[in-house]
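Undergrad: Input structure: target.txt, which contains compact mmCIF, C-alpha atoms and all ligand atoms.
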# COMPACT_ATOMS: atom_id res chain seq x y z
CA MET A 51 0.00 0.00 0.00
CA ALA A 52 1.30 3.53 -0.80
CA GLU A 53 2.94 5.52 2.03
CA ALA A 54 0.83 8.43 3.28
CA PRO A 55 2.65 11.78 2.90
CA LYS A 56 4.52 12.97 6.03
CA ARG A 57 2.66 15.45 8.22
CA GLN A 58 2.91 16.98 11.66
CA THR A 59 1.33 14.93 14.45
CA ARG A 60 0.07 16.73 17.56
CA LEU A 61 0.10 14.68 20.77
CA LEU A 62 -2.11 16.56 23.25
CA PRO A 63 -3.41 15.73 26.75
CA ALA A 64 -7.16 15.05 26.60
CA SER A 65 -9.14 17.95 28.12
CA PRO A 66 -12.55 19.50 27.39
CA GLU A 67 -10.78 21.99 25.06
CA THR A 68 -8.70 19.45 23.13
CA ILE A 69 -11.70 17.09 22.86
CA ALA A 70 -13.82 19.90 21.36
CA ALA A 71 -11.04 20.83 18.93
CA ALA A 72 -10.48 17.19 17.95
CA ALA A 73 -14.23 16.75 17.34
CA ALA A 74 -14.12 19.72 14.94
CA GLU A 75 -11.21 18.02 13.11
CA LEU A 76 -13.27 14.81 12.86
CA ARG A 77 -16.27 16.68 11.47
CA ALA A 78 -13.92 18.14 8.84
CA GLY A 79 -12.93 14.59 7.83
CA GLU A 80 -9.60 14.36 9.73
CA LEU A 81 -8.43 11.42 11.84
CA VAL A 82 -7.88 11.50 15.63
CA ALA A 83 -6.24 8.79 17.74
CA MET A 84 -8.38 8.46 20.87
CA PRO A 85 -8.04 6.53 24.13
CA THR A 86 -10.58 3.83 24.90
CA GLU A 87 -10.63 1.51 27.93
CA THR A 88 -9.18 -1.31 25.77
CA VAL A 89 -6.52 0.17 23.46
CA TYR A 90 -6.06 3.46 21.60
CA GLY A 91 -8.21 3.70 18.46
CA LEU A 92 -7.66 5.62 15.21
CA ALA A 93 -11.00 7.39 14.84
CA GLY A 94 -12.73 8.87 11.84
CA LEU A 95 -16.34 9.76 11.00
CA ALA A 96 -18.16 6.48 10.33
CA THR A 97 -20.33 8.15 7.71
CA SER A 98 -17.43 9.43 5.59
CA ASP A 99 -15.89 7.20 2.91
CA ALA A 100 -12.95 9.63 2.67
CA ALA A 101 -12.20 9.39 6.41
CA VAL A 102 -12.45 5.60 6.26
CA ALA A 103 -10.09 5.47 3.27
CA ALA A 104 -7.64 7.67 5.19
CA ILE A 105 -7.76 5.23 8.16
CA TYR A 106 -6.90 2.27 5.92
CA ALA A 107 -4.07 4.27 4.31
CA ALA A 108 -2.58 5.45 7.63
CA LYS A 109 -2.61 1.92 9.06
CA GLY A 110 -1.55 0.20 5.85
CA ARG A 111 -4.55 -2.05 6.49
CA PRO A 112 -5.99 -4.47 3.94
CA SER A 113 -9.28 -2.87 3.01
CA PHE A 114 -11.26 -6.12 3.25
CA ASN A 115 -10.99 -5.86 7.02
CA PRO A 116 -14.09 -4.08 8.37
CA LEU A 117 -14.08 -1.55 11.23
CA ILE A 118 -16.00 -1.28 14.50
CA ALA A 119 -18.49 1.63 14.80
CA HIS A 120 -18.22 3.35 18.18
CA PHE A 121 -21.34 5.04 19.60
CA ALA A 122 -21.69 7.49 22.49
CA ALA A 123 -24.75 5.69 23.89
CA ALA A 124 -26.46 2.31 23.54
CA GLU A 125 -29.65 3.92 22.14
CA ASP A 126 -27.64 5.28 19.21
CA ALA A 127 -26.26 1.84 18.38
CA LEU A 128 -29.66 0.16 18.76
CA ALA A 129 -31.17 2.66 16.32
CA GLU A 130 -28.53 1.90 13.68
CA ALA A 131 -28.67 -1.91 13.51
CA GLU A 132 -30.98 -4.88 14.18
CA PHE A 133 -30.45 -6.17 17.72
CA ASP A 134 -32.31 -9.41 18.49
CA ALA A 135 -33.22 -10.32 22.09
CA ARG A 136 -29.78 -11.82 22.81
CA ALA A 137 -27.93 -8.87 21.32
CA GLN A 138 -30.07 -6.51 23.41
CA ALA A 139 -29.37 -8.52 26.54
CA LEU A 140 -25.62 -8.32 25.90
CA ALA A 141 -25.82 -4.58 25.19
CA ARG A 142 -27.76 -3.97 28.40
CA ARG A 143 -25.32 -5.98 30.48
CA PHE A 144 -21.96 -4.91 29.03
CA TRP A 145 -22.37 -1.41 27.51
CA PRO A 146 -20.72 0.95 27.98
CA GLY A 147 -17.75 -1.40 27.98
CA PRO A 148 -15.34 -3.57 26.00
CA LEU A 149 -17.84 -5.72 24.08
CA THR A 150 -18.39 -5.45 20.30
CA ILE A 151 -21.64 -6.88 18.95
CA VAL A 152 -22.01 -7.81 15.26
CA THR A 153 -25.62 -7.68 14.06
CA PRO A 154 -27.50 -7.40 10.78
CA ALA A 155 -27.61 -3.78 9.60
CA PRO A 156 -29.05 -3.68 6.09
CA CYS A 157 -29.49 0.09 5.96
CA ALA A 158 -26.87 1.44 8.35
CA LYS A 159 -25.56 4.91 7.53
CA VAL A 160 -22.05 3.72 8.37
CA SER A 161 -19.86 3.82 5.24
CA LEU A 162 -19.95 0.59 3.22
CA LEU A 163 -16.19 0.93 2.86
CA ALA A 164 -15.87 0.73 6.67
CA ARG A 165 -18.06 -2.37 6.60
CA ALA A 166 -16.04 -3.94 3.79
CA GLY A 167 -19.29 -4.30 1.86
CA LEU A 168 -20.91 -6.53 4.53
CA ASP A 169 -24.59 -6.11 5.46
CA THR A 170 -23.68 -6.54 9.12
CA LEU A 171 -22.26 -3.95 11.51
CA ALA A 172 -19.86 -4.32 14.44
CA SER A 173 -20.97 -1.88 17.18
CA ARG A 174 -19.54 -0.90 20.51
CA VAL A 175 -20.18 1.75 23.16
CA PRO A 176 -16.81 2.39 24.83
CA ALA A 177 -16.65 3.09 28.57
CA HIS A 178 -13.76 5.56 28.39
CA PRO A 179 -15.02 9.09 29.22
CA VAL A 180 -12.73 10.72 26.62
CA ALA A 181 -13.94 8.41 23.84
CA ARG A 182 -17.58 8.98 24.76
CA ALA A 183 -17.14 12.77 24.97
CA LEU A 184 -15.35 12.81 21.61
CA ILE A 185 -18.05 10.73 19.85
CA ALA A 186 -20.82 12.88 21.36
CA ALA A 187 -19.06 16.09 20.29
CA ALA A 188 -18.42 14.74 16.78
CA GLY A 189 -22.19 14.22 16.49
CA ALA A 190 -21.88 10.90 14.61
CA PRO A 191 -20.55 7.40 15.27
CA LEU A 192 -16.79 6.99 14.84
CA VAL A 193 -15.12 4.00 13.26
CA ALA A 194 -11.88 3.19 15.06
CA PRO A 195 -9.50 0.30 14.51
CA SER A 196 -6.64 -0.06 16.95
CA ALA A 197 -4.24 2.85 16.30
CA ASN A 198 -1.24 0.76 15.22
CA ARG A 199 0.32 0.02 11.84
CA SER A 200 -1.38 -3.06 10.41
CA GLY A 201 0.15 -6.25 11.80
CA ARG A 202 1.78 -4.57 14.86
CA VAL A 203 0.69 -4.95 18.47
CA SER A 204 -2.13 -2.65 19.57
CA PRO A 205 -1.21 0.60 21.38
CA THR A 206 -2.00 0.90 25.08
CA ARG A 207 -0.27 4.29 25.48
CA ALA A 208 -0.34 7.48 23.41
CA GLU A 209 3.43 7.11 22.85
CA HIS A 210 2.84 3.75 21.12
CA VAL A 211 0.49 5.51 18.71
CA ALA A 212 3.13 8.16 18.03
CA GLU A 213 5.73 5.43 17.36
CA ASP A 214 3.52 3.71 14.79
CA LEU A 215 1.52 6.54 13.23
CA GLY A 216 3.54 9.71 13.92
CA GLY A 217 3.82 11.68 10.67
CA ARG A 218 0.74 9.92 9.26
CA ILE A 219 -2.12 11.39 11.35
CA GLY A 220 -2.88 14.88 12.64
CA TRP A 221 -3.98 14.30 16.22
CA ILE A 222 -3.39 12.01 19.20
CA LEU A 223 -5.39 12.60 22.41
CA ASP A 224 -3.38 11.34 25.39
CA ALA A 225 -5.20 10.03 28.47
CA GLY A 226 -2.41 7.82 29.82
CA PRO A 227 -2.20 4.01 29.75
CA THR A 228 -5.44 2.18 28.90
CA ARG A 229 -7.13 0.32 31.76
CA VAL A 230 -7.83 -3.05 30.11
CA GLY A 231 -4.98 -3.33 27.59
CA LEU A 232 -6.64 -5.92 25.29
CA GLU A 233 -9.14 -5.29 22.50
CA SER A 234 -12.88 -5.76 22.99
CA THR A 235 -14.46 -9.20 22.82
CA ILE A 236 -16.44 -9.59 19.55
CA VAL A 237 -19.69 -11.57 19.48
CA ALA A 238 -21.92 -12.05 16.42
CA CYS A 239 -25.70 -12.14 17.01
CA LEU A 240 -27.07 -13.00 13.58
CA GLY A 241 -30.05 -15.10 14.68
CA GLY A 242 -29.58 -18.41 16.48
CA ARG A 243 -26.79 -19.07 18.92
CA PRO A 244 -24.41 -16.12 19.31
CA GLU A 245 -20.87 -16.73 18.09
CA LEU A 246 -17.56 -15.66 19.63
CA LEU A 247 -15.56 -14.00 16.84
CA ARG A 248 -12.65 -12.67 18.90
CA PRO A 249 -11.79 -13.43 22.53
CA GLY A 250 -11.07 -10.17 24.36
CA ALA A 251 -11.58 -7.94 27.34
CA ILE A 252 -14.87 -9.53 28.47
CA ALA A 253 -14.33 -13.14 29.51
CA LEU A 254 -16.25 -15.88 27.68
CA GLU A 255 -17.49 -17.15 31.05
CA ASP A 256 -19.13 -13.76 31.79
CA LEU A 257 -20.84 -13.64 28.37
CA GLU A 258 -22.23 -17.15 28.80
CA ASP A 259 -23.38 -16.26 32.28
CA ALA A 260 -25.25 -13.18 30.98
CA LEU A 261 -26.89 -15.13 28.13
CA GLY A 262 -27.63 -18.29 30.09
CA GLU A 263 -26.34 -20.36 27.16
CA ARG A 264 -23.06 -21.39 25.60
CA LEU A 265 -21.57 -19.36 22.77
CA ASP A 266 -20.63 -20.92 19.48
CA ARG A 267 -16.82 -20.74 19.38
CA GLY A 268 -16.03 -21.55 15.78
CA GLY A 269 -16.63 -18.06 14.48
CA ALA A 270 -13.12 -16.74 13.84
CA ALA A 271 -13.57 -17.48 10.12
CA ILE A 272 -16.19 -14.74 9.75
CA ALA A 273 -14.17 -12.03 11.54
CA PRO A 274 -12.16 -11.17 8.45
CA GLY A 275 -9.53 -9.29 10.47
CA MET A 276 -8.41 -12.37 12.31
CA LEU A 277 -5.30 -12.97 10.23
CA ALA A 278 -3.22 -15.69 11.84
CA SER A 279 -0.10 -13.52 11.95
CA HIS A 280 -1.13 -10.34 13.70
CA TYR A 281 -0.05 -8.45 16.78
CA ALA A 282 3.50 -9.28 15.79
CA PRO A 283 6.68 -7.89 17.33
CA ASN A 284 9.84 -7.98 15.17
CA ALA A 285 11.49 -10.72 17.23
CA PRO A 286 10.17 -14.28 16.86
CA VAL A 287 8.04 -15.43 19.79
CA ARG A 288 8.36 -18.83 21.55
CA LEU A 289 5.30 -19.82 23.60
CA ASP A 290 4.88 -22.00 26.71
CA ALA A 291 8.56 -21.63 27.57
CA THR A 292 9.67 -23.40 30.73
CA GLU A 293 13.26 -22.12 30.47
CA VAL A 294 14.97 -19.13 28.84
CA ARG A 295 17.60 -19.84 26.18
CA GLU A 296 20.73 -17.96 25.08
CA GLY A 297 19.92 -14.56 23.50
CA GLU A 298 16.25 -14.64 24.46
CA ALA A 299 14.25 -11.96 26.23
CA ALA A 300 11.68 -13.33 28.69
CA LEU A 301 8.00 -12.46 29.06
CA ASP A 302 7.17 -14.10 32.35
CA PHE A 303 3.92 -14.72 34.24
CA ALA A 304 3.78 -15.31 38.00
CA GLY A 305 7.54 -15.72 38.35
CA ARG A 306 7.84 -18.99 36.41
CA LEU A 307 10.97 -18.18 34.36
CA ASP A 308 14.57 -17.56 35.37
CA GLY A 309 16.90 -15.29 33.42
CA GLY A 310 16.31 -13.55 30.10
CA ALA A 311 17.63 -10.16 29.10
CA PRO A 312 15.54 -8.14 29.30
CA ARG A 313 12.94 -9.95 31.41
CA LEU A 314 9.48 -8.63 32.32
CA ASP A 315 6.76 -10.32 34.38
CA LEU A 316 3.19 -9.68 33.16
CA SER A 317 1.91 -10.21 36.70
CA PRO A 318 4.22 -11.42 39.46
CA ARG A 319 1.14 -12.25 41.58
CA GLY A 320 -0.48 -14.23 38.74
CA ASP A 321 -3.39 -11.83 38.11
CA LEU A 322 -4.79 -12.19 34.56
CA ALA A 323 -6.33 -8.69 34.43
CA GLU A 324 -2.98 -7.16 35.37
CA ALA A 325 -1.27 -9.37 32.76
CA ALA A 326 -3.74 -8.25 30.07
CA ALA A 327 -3.13 -4.59 30.87
CA ASN A 328 0.66 -5.08 30.57
CA LEU A 329 0.77 -7.45 27.57
CA PHE A 330 1.19 -5.12 24.59
CA ALA A 331 3.42 -2.56 26.35
CA TYR A 332 5.73 -5.34 27.58
CA LEU A 333 5.89 -6.99 24.13
CA ARG A 334 6.89 -3.62 22.66
CA ALA A 335 9.47 -2.98 25.39
CA LEU A 336 11.10 -6.42 25.04
CA ASP A 337 11.10 -6.14 21.25
CA ALA A 338 12.79 -2.71 21.40
CA ALA A 339 15.84 -4.35 23.00
CA GLY A 340 16.32 -6.37 19.79
CA PRO A 341 16.52 -9.89 21.29
CA ALA A 342 17.05 -13.02 19.16
CA ARG A 343 13.66 -14.27 20.37
CA ILE A 344 11.04 -13.62 23.06
CA ALA A 345 10.33 -16.61 25.32
CA VAL A 346 6.86 -16.48 26.90
CA ALA A 347 5.80 -18.35 30.05
CA PRO A 348 2.58 -20.42 29.94
CA ILE A 349 -0.60 -18.39 30.66
CA PRO A 350 -3.67 -20.16 32.15
CA GLN A 351 -6.43 -20.69 29.57
CA ARG A 352 -9.32 -19.18 31.57
CA GLY A 353 -10.97 -15.75 31.87
CA LEU A 354 -8.80 -13.06 30.26
CA GLY A 355 -6.11 -15.73 29.78
CA ARG A 356 -7.97 -16.90 26.64
CA ALA A 357 -7.62 -13.48 25.00
CA ILE A 358 -3.98 -13.17 26.12
CA ASN A 359 -3.20 -16.60 24.63
CA ASP A 360 -5.08 -15.68 21.43
CA ARG A 361 -2.92 -12.56 20.94
CA LEU A 362 0.28 -14.42 21.86
CA SER A 363 -0.42 -17.24 19.41
CA ARG A 364 -0.90 -14.63 16.65
CA ALA A 365 2.36 -12.96 17.68
CA ALA A 366 4.07 -16.37 17.39
CA ALA A 367 2.47 -17.39 14.06
CA PRO A 368 4.55 -17.66 10.87
CA ARG A 369 4.92 -14.20 9.33
CA VAL A 370 3.58 -14.88 5.82
CA THR A 371 0.86 -12.22 6.04
CA ARG A 372 2.92 -9.50 7.78
CA ARG A 373 2.52 -6.10 6.27
CA SER A 374 4.78 -3.79 8.23
O1 LIG B 1 -11.15 -2.75 21.64
C1 LIG B 1 -11.37 -2.64 20.43
O2 LIG B 1 -12.22 -3.31 19.83
C2 LIG B 1 -10.51 -1.61 19.66
C3 LIG B 1 -10.87 -0.22 20.18
C4 LIG B 1 -10.14 0.87 19.44
O3 LIG B 1 -12.26 -0.04 20.15
N1 LIG B 1 -10.74 -1.71 18.25
C5 LIG B 1 -10.27 -2.75 17.50
O4 LIG B 1 -10.54 -2.64 16.16
O5 LIG B 1 -9.67 -3.70 17.98
P1 LIG B 1 -9.81 -3.48 15.05
O6 LIG B 1 -10.18 -2.81 13.77
O7 LIG B 1 -8.35 -3.61 15.34
O8 LIG B 1 -10.51 -4.88 15.09
C6 LIG B 1 -11.84 -4.99 14.63
C7 LIG B 1 -12.20 -6.43 14.35
C8 LIG B 1 -11.53 -6.98 13.12
O9 LIG B 1 -11.04 -8.28 13.41
C9 LIG B 1 -12.68 -7.07 12.11
O10 LIG B 1 -12.51 -8.07 11.17
C10 LIG B 1 -13.87 -7.31 13.01
O11 LIG B 1 -13.61 -6.49 14.13
N2 LIG B 1 -15.14 -6.87 12.40
C11 LIG B 1 -15.52 -5.61 12.15
N3 LIG B 1 -16.72 -5.58 11.54
C12 LIG B 1 -17.13 -6.86 11.42
C13 LIG B 1 -18.30 -7.50 10.87
N4 LIG B 1 -19.29 -6.80 10.33
N5 LIG B 1 -18.36 -8.86 10.93
C14 LIG B 1 -17.36 -9.58 11.49
N6 LIG B 1 -16.23 -9.02 12.02
C15 LIG B 1 -16.11 -7.69 11.99
MG MG B 2 -6.26 -4.14 15.53
If you convert what's in this file into structure tokens, what do you get?
TA:
Amino acid sequence: MAEAPKRQTRLLPASPETIAAAAAELRAGELVAMPTETVYGLAGLATSDAAVAAIYAAKGRPSFNPLIAHFAAAEDALAEAEFDARAQALARRFWPGPLTIVTPAPCAKVSLLARAGLDTLASRVPAHPVARALIAAAGAPLVAPSANRSGRVSPTRAEHVAEDLGGRIGWILDAGPTRVGLESTIVACLGGRPELLRPGAIALEDLEDALGERLDRGGAAIAPGMLASHYAPNAPVRLDATEVREGEAALDFAGRLDGGAPRLDLSPRGDLAEAAANLFAYLRALDAAGPARIAVAPIPQRGLGRAINDRLSRAAAPRVTRRS
């Protein structure tokens, strides 16, 4: 994909004034990187094909990969797409928050380019006050993929956005590190049993508890963005390591590994929420040291551990589809 021309990027602390100014930029068709509770997003007006095209260009993202529409309030999302009883139950229970719900949306005003031509829409109402204020001030839903170059790990700090997209976008609103650190969970409600498309910030167990039924888990094939090799640092990644080898950096969990240079522990006390919040920042930090490989300790496959393991297995996948 062609390089976007170099431009000045302004990294500004989020405040009522900078939010209002950024909303004016959005209404004029510009892009703004905004904090959400999960990761930073690269936002543009969902109704504007030009803004959506600029998002794909800035990220170097394959344009068959559709975007999530972010709404300021649940009512706005419910008015835009067809929520069946299960989708409504999920929205009531988890919005605002890190859940994305894919529903039929035959006449949504969200750009078809953002939806990659699909007649469904992925919707989410973020919990972050800056994101909600920005969407409300923009006066329209915002589409926002994670604000990283395509194929790189998602940004959990404004500085990560500047590293990846500096010179390619006009604005970054800084509200410090994100609370959750992993992308939203994506569930499709298309009639029948809801399907898990992407494990994420809301644990599968909590979704099944809210619905009173099991989710279908085979859905990754219909989330077109789920390329096997994604979230990739430059160094190769070795999973389920029980020891650290020569030249390796170590990404530990609960103090299982000895050695490694550098070595970071996602959560010395073995807390999965803490590990999720640290995951992407620690991968970036270890990678920046230029190790031969990153050895990763085993992470329990429960709760947020499923989403952590999902991202780690993508980081470790063969790099055939890497784009940057
Ligand atoms: O936490 C998050 O979800 C972050 C923040 C910024 O909100 N956003 C995010 O967006 O992770 P992105 O673009 O990196 O991932 C969106 C995923 C992709 O895997 C895409 O394929 C899927 O959502 N998706 C979007 N629309 C879809 C649809 N109509 N049907 C199925 N999957 C869809
Ligand atoms: Mg992403």
Undergrad: Counting all atoms listed in the file, which residues of stretch 338-366 of chain A fall within 12 Å of stretch 197-207 of chain A, and what is the closest atom pair for each with its distance in Å at one decimal, ordered by chain and rising number, as a Markdown table?
TA:
| residue | atom | partner | partner_atom | distance |
| --- | --- | --- | --- | --- |
| A:Arg361 | CA | A:Val203 | CA | 8.8 |
| A:Leu362 | CA | A:Val203 | CA | 10.1 |
| A:Arg364 | CA | A:Gly201 | CA | 9.7 |
| A:Ala365 | CA | A:Val203 | CA | 8.2 |
| A:Ala366 | CA | A:Val203 | CA | 12.0 |
Undergrad: Per residue of chain A within 7 Å of ligand LIG 1 (chain B), what are the shortest atom pair and its distance in Å to one decimal, counting all atoms listed in the file, with rows by chain and residue number, as CSV?
TA:
residue,atom,partner,partner_atom,distance
A:Thr86,CA,B:LIG1,C3,6.2
A:Thr88,CA,B:LIG1,O1,4.8
A:Val89,CA,B:LIG1,C4,5.5
A:Tyr90,CA,B:LIG1,C4,5.3
A:Gly91,CA,B:LIG1,C4,3.6
A:Leu92,CA,B:LIG1,C4,6.8
A:Asn115,CA,B:LIG1,O10,4.9
A:Pro116,CA,B:LIG1,C11,4.3
A:Leu117,CA,B:LIG1,C11,4.4
A:Ile118,CA,B:LIG1,C11,4.9
A:Pro148,CA,B:LIG1,O1,6.1
A:Thr150,CA,B:LIG1,O2,6.5
A:Val152,CA,B:LIG1,N4,5.7
A:Arg165,CA,B:LIG1,N4,5.9
A:Leu168,CA,B:LIG1,N4,6.0
A:Thr170,CA,B:LIG1,N4,4.6
A:Leu171,CA,B:LIG1,N4,4.3
A:Ala172,CA,B:LIG1,N3,4.5
A:Pro176,CA,B:LIG1,O3,7.0
A:Ala194,CA,B:LIG1,C4,5.3
A:Pro195,CA,B:LIG1,O6,3.3
A:Ser196,CA,B:LIG1,O7,4.3
A:Ala197,CA,B:LIG1,C4,7.0
A:Leu232,CA,B:LIG1,O1,6.6
A:Glu233,CA,B:LIG1,O1,3.4
A:Ser234,CA,B:LIG1,O1,3.7
A:Thr235,CA,B:LIG1,O2,7.0
A:Ile236,CA,B:LIG1,O11,6.9
A:Leu247,CA,B:LIG1,N6,7.0
A:Ile272,CA,B:LIG1,C14,5.6
A:Ala273,CA,B:LIG1,N6,3.7
A:Pro274,CA,B:LIG1,O10,4.1
A:Gly275,CA,B:LIG1,O10,3.3
A:Met276,CA,B:LIG1,O9,5.0
Undergrad: If I take atom CA of A:Pro286 and atom CA of A:Ile344, how far is one from the other in Å, to one decimal?
TA: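 According to the coordinates, atom CA of A:Pro286 and atom CA of A:Ile344 are separated by 6.3 Å.
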Undergrad: Find the residue from A:Arg174, A:Arg313, A:Lys109, A:Arg369 that sits nearest to ligand MG 2 (chain B); use all atoms listed in the file when measuring.
TA: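 Looking at the shortest contact to ligand MG 2 (chain B), the residue is A:Lys109.
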Undergrad: For a quick check of understanding, using all atoms listed in the file, which of A:Pro112, A:Gly189, A:Gly167, A:Pro63 has the smallest distance to ligand MG 2 (chain B)?
TA: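 Using all atoms listed in the file, ligand MG 2 (chain B) sits closest to A:Pro112.
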